[in-house]
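Beneath this line is the structure, given in structure tokens, with notes to follow.
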Amino acid sequence: MITLLLLPFFLASRISVDIESLLHGPEYTYRVEIDTINRDGRDGATTKAFDIGSTLKCRPRVPDTLNCRFEAARMAVFEKGLLDLAQDTVEDLWVDEEPFEIKFDKNGIAQLIVTRSMEPWTVDMIRAIVNQLNVGVDLRKRPDGIFVAKERSFLGECGSTIELSRSISQDRWKDDKLEIVPMPGLEKASGEILQIEKRRDLNDCGRKEDYFFASKSGYTLLHRDTTTTIKSSLSRIVVSDSNYTSYTVNEIVVGNKERNRNFTLYEKITLKLETVSAAKTELPVIPDATFVSFFVHGLTHANNDDDDDESARIQNDQNVRKRDPRGKW
């Protein structure tokens with residue numbers, strides 16, 4: 001089996017494939033589901049507010065960077081679940097096929113690289129979704145158990161309670177063509193399930209912003225006099241021998257003083273690895289590229305005389321081939 005980069009500093013994949021088919025390296029396909037519900041109905045009844053499905057495809061470019069794009073997005077808005085605080089119009093502003101890159105360090109996602117003309121809401125939507133590929137803390141050499149640390153997520157850097165645990169999988173079926181293994185320093189035996197749970201203390205974050213709904217994005221906008229305050233946030237990553245699933249559940253209080261209306265929405269963003277395949281084309285290059293913060297509502301670098309130099313530097317970096325053109329490490 002050939003060992004390939006899956007998530008920088010975190011996971012690798014071993015696949016059974018003819019190495020010659022990996023001329024352009026591997027491509028990982030993830031299923032994205034975003035469900036937002038309103039639980040303020042009578043007797044605790046729930047009502048859907050937003051529903052999104054999409055596909056995320058990522059390819060390793062260099063050891064700390066993934067080149068990604070979205071495909072096949074669908075969106076449903078349920079105005080009943082938003083009561084009367086949603087505007088009537090829904091615009092299709094999805095960013096299918098527009099490439100972007102995720103740069104990692106030992107703690108998880110460090111920065112994004114996007115085209116300079118990308119709309120701010122689009123960048124925020126990317127941040128919210130790819131957060132499911134983010135560990136947020138350095139787990140190398142960490143024993144199982146519960147500890148408190150500053151965790152980096154799309155919400156910012158927050159004090160978080162983190163639980164690292166392992167269990168024995170009850171599924172006896174083994175995929176002979178794919179195996180997911182952790183990077184050195186984070187051990188997982190064959191047949192084990194590795195689980196990472198992160199509960200954020202939202203009173204211990206370096207910055208506070210109105211909440212950005214990944215399922216809201218450019219499709220529908222709440223009225224400008226509506227406030228969105230995040231009340232709780234939990235993320236969980238589950239890794240088995242052949243499965244990677246990650247999700248975040250956020251509880252958000254939505255209020256509007258003029259309408260004297262408050263209600264609570266629960267947004268769940270789920271990402272699951274579906275397939276590993278051989279990429280069929282060269283890695284796409286991001287035109288007029290710039291670094292942006294991983295944090296929601298974060299700004300791109302301000303326009304200045306160094307912008308052209310920065311874009312040229314990123315462009316040159318994108319042209320650097322991996323140490324092995326097939327993505328073998």
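Quick note on naming: the chains in the structure tokens go A, B, ... in the order shown, residues restart at 1 in each chain, and ligands are numbered from 1 in order of appearance.
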
May I have the residues within 10 Å of Glu282 in chain A as a JSON list (two decimals) with all heavy atoms, in the first residue's frame, using only C-alpha atoms and disregarding those fewer than 2 positions away in the same chain?
[["chain", "number", "residue", "atom", "x", "y", "z"],
["A", 23, "LEU", "N", -0.13, 9.98, -11.01],
["A", 23, "LEU", "CA", 0.71, 10.98, -11.66],
["A", 23, "LEU", "C", 0.42, 12.38, -11.11],
["A", 23, "LEU", "O", 1.32, 13.19, -10.92],
["A", 23, "LEU", "CB", 0.49, 10.96, -13.17],
["A", 23, "LEU", "CG", 1.23, 12.02, -13.98],
["A", 23, "LEU", "CD1", 2.73, 11.83, -13.85],
["A", 23, "LEU", "CD2", 0.78, 11.98, -15.44],
["A", 24, "HIS", "N", -0.88, 12.67, -10.86],
["A", 24, "HIS", "CA", -1.27, 13.99, -10.36],
["A", 24, "HIS", "C", -1.61, 13.96, -8.87],
["A", 24, "HIS", "O", -2.19, 14.91, -8.34],
["A", 24, "HIS", "CB", -2.47, 14.52, -11.15],
["A", 24, "HIS", "CG", -2.20, 14.68, -12.62],
["A", 24, "HIS", "ND1", -1.22, 15.52, -13.10],
["A", 24, "HIS", "CD2", -2.76, 14.09, -13.70],
["A", 24, "HIS", "CE1", -1.20, 15.46, -14.43],
["A", 24, "HIS", "NE2", -2.12, 14.59, -14.81],
["A", 25, "GLY", "N", -1.25, 12.88, -8.20],
["A", 25, "GLY", "CA", -1.48, 12.79, -6.77],
["A", 25, "GLY", "C", -2.89, 12.32, -6.42],
["A", 25, "GLY", "O", -3.73, 12.08, -7.30],
["A", 279, "ALA", "N", -6.20, 11.83, -8.74],
["A", 279, "ALA", "CA", -6.57, 13.07, -9.44],
["A", 279, "ALA", "C", -6.27, 12.92, -10.93],
["A", 279, "ALA", "O", -5.33, 12.24, -11.33],
["A", 279, "ALA", "CB", -5.79, 14.25, -8.86],
["A", 280, "LYS", "N", -7.10, 13.55, -11.75],
["A", 280, "LYS", "CA", -6.99, 13.38, -13.21],
["A", 280, "LYS", "C", -6.35, 14.57, -13.91],
["A", 280, "LYS", "O", -6.05, 14.49, -15.10],
["A", 280, "LYS", "CB", -8.38, 13.12, -13.79],
["A", 280, "LYS", "CG", -9.02, 11.84, -13.27],
["A", 280, "LYS", "CD", -10.40, 11.62, -13.86],
["A", 280, "LYS", "CE", -11.02, 10.34, -13.34],
["A", 280, "LYS", "NZ", -12.40, 10.12, -13.88],
["A", 284, "PRO", "N", -5.03, 23.03, -9.79],
["A", 284, "PRO", "CA", -5.39, 24.37, -10.27],
["A", 284, "PRO", "C", -4.61, 25.44, -9.52],
["A", 284, "PRO", "O", -4.34, 25.32, -8.33],
["A", 284, "PRO", "CB", -6.89, 24.45, -9.96],
["A", 284, "PRO", "CG", -7.11, 23.50, -8.84],
["A", 284, "PRO", "CD", -6.13, 22.38, -9.05],
["A", 285, "VAL", "N", -4.27, 26.50, -10.22],
["A", 285, "VAL", "CA", -3.56, 27.63, -9.62],
["A", 285, "VAL", "C", -4.57, 28.71, -9.28],
["A", 285, "VAL", "O", -5.49, 29.00, -10.06],
["A", 285, "VAL", "CB", -2.49, 28.18, -10.59],
["A", 285, "VAL", "CG1", -1.85, 29.45, -10.04],
["A", 285, "VAL", "CG2", -1.42, 27.11, -10.83]]

Identify, on the basis of only C-alpha atoms, every residue whose closest approach to range 126-142 of chain A does not exceed 7 Å; exclude the query and any residue fewer than 4 positions from it along the same chain; express the result as a list in words.
-> Lys106, Asn107, Gly108, Ile109, Thr122, Glu151, Arg152, Ser153, Phe154, Gly185, Leu186, Ala214, Ser246, Tyr247, Ile269, Leu271, Phe294 and Val296 of chain A

Nearest to Ser13 in chain A: which of A:Glu192, A:Asp201, A:Glu71, A:Glu179 is it, counting only C-alpha atoms?
-> A:Glu179

Atomic distance CA of Thr55 in chain A - CA of Glu157 in chain A, expressed in Å with one decimal | 27.5 Å

Contacts of Thr275 in chain A at 9 Å (only C-alpha atoms; same-chain gap of 5+ positions) as a list in words |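 Result of the neighbour search: Glu27, Tyr28, Thr29 and Tyr30 of chain A.
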
With a distance cut-off of 9 Å and only C-alpha atoms, select the neighbouring residues of Gly206 in chain A, excluding the residue or stretch itself and same-chain residues fewer than 3 positions from it, and output the selection as a ChimeraX atom specification.
-> /A:156-158,203
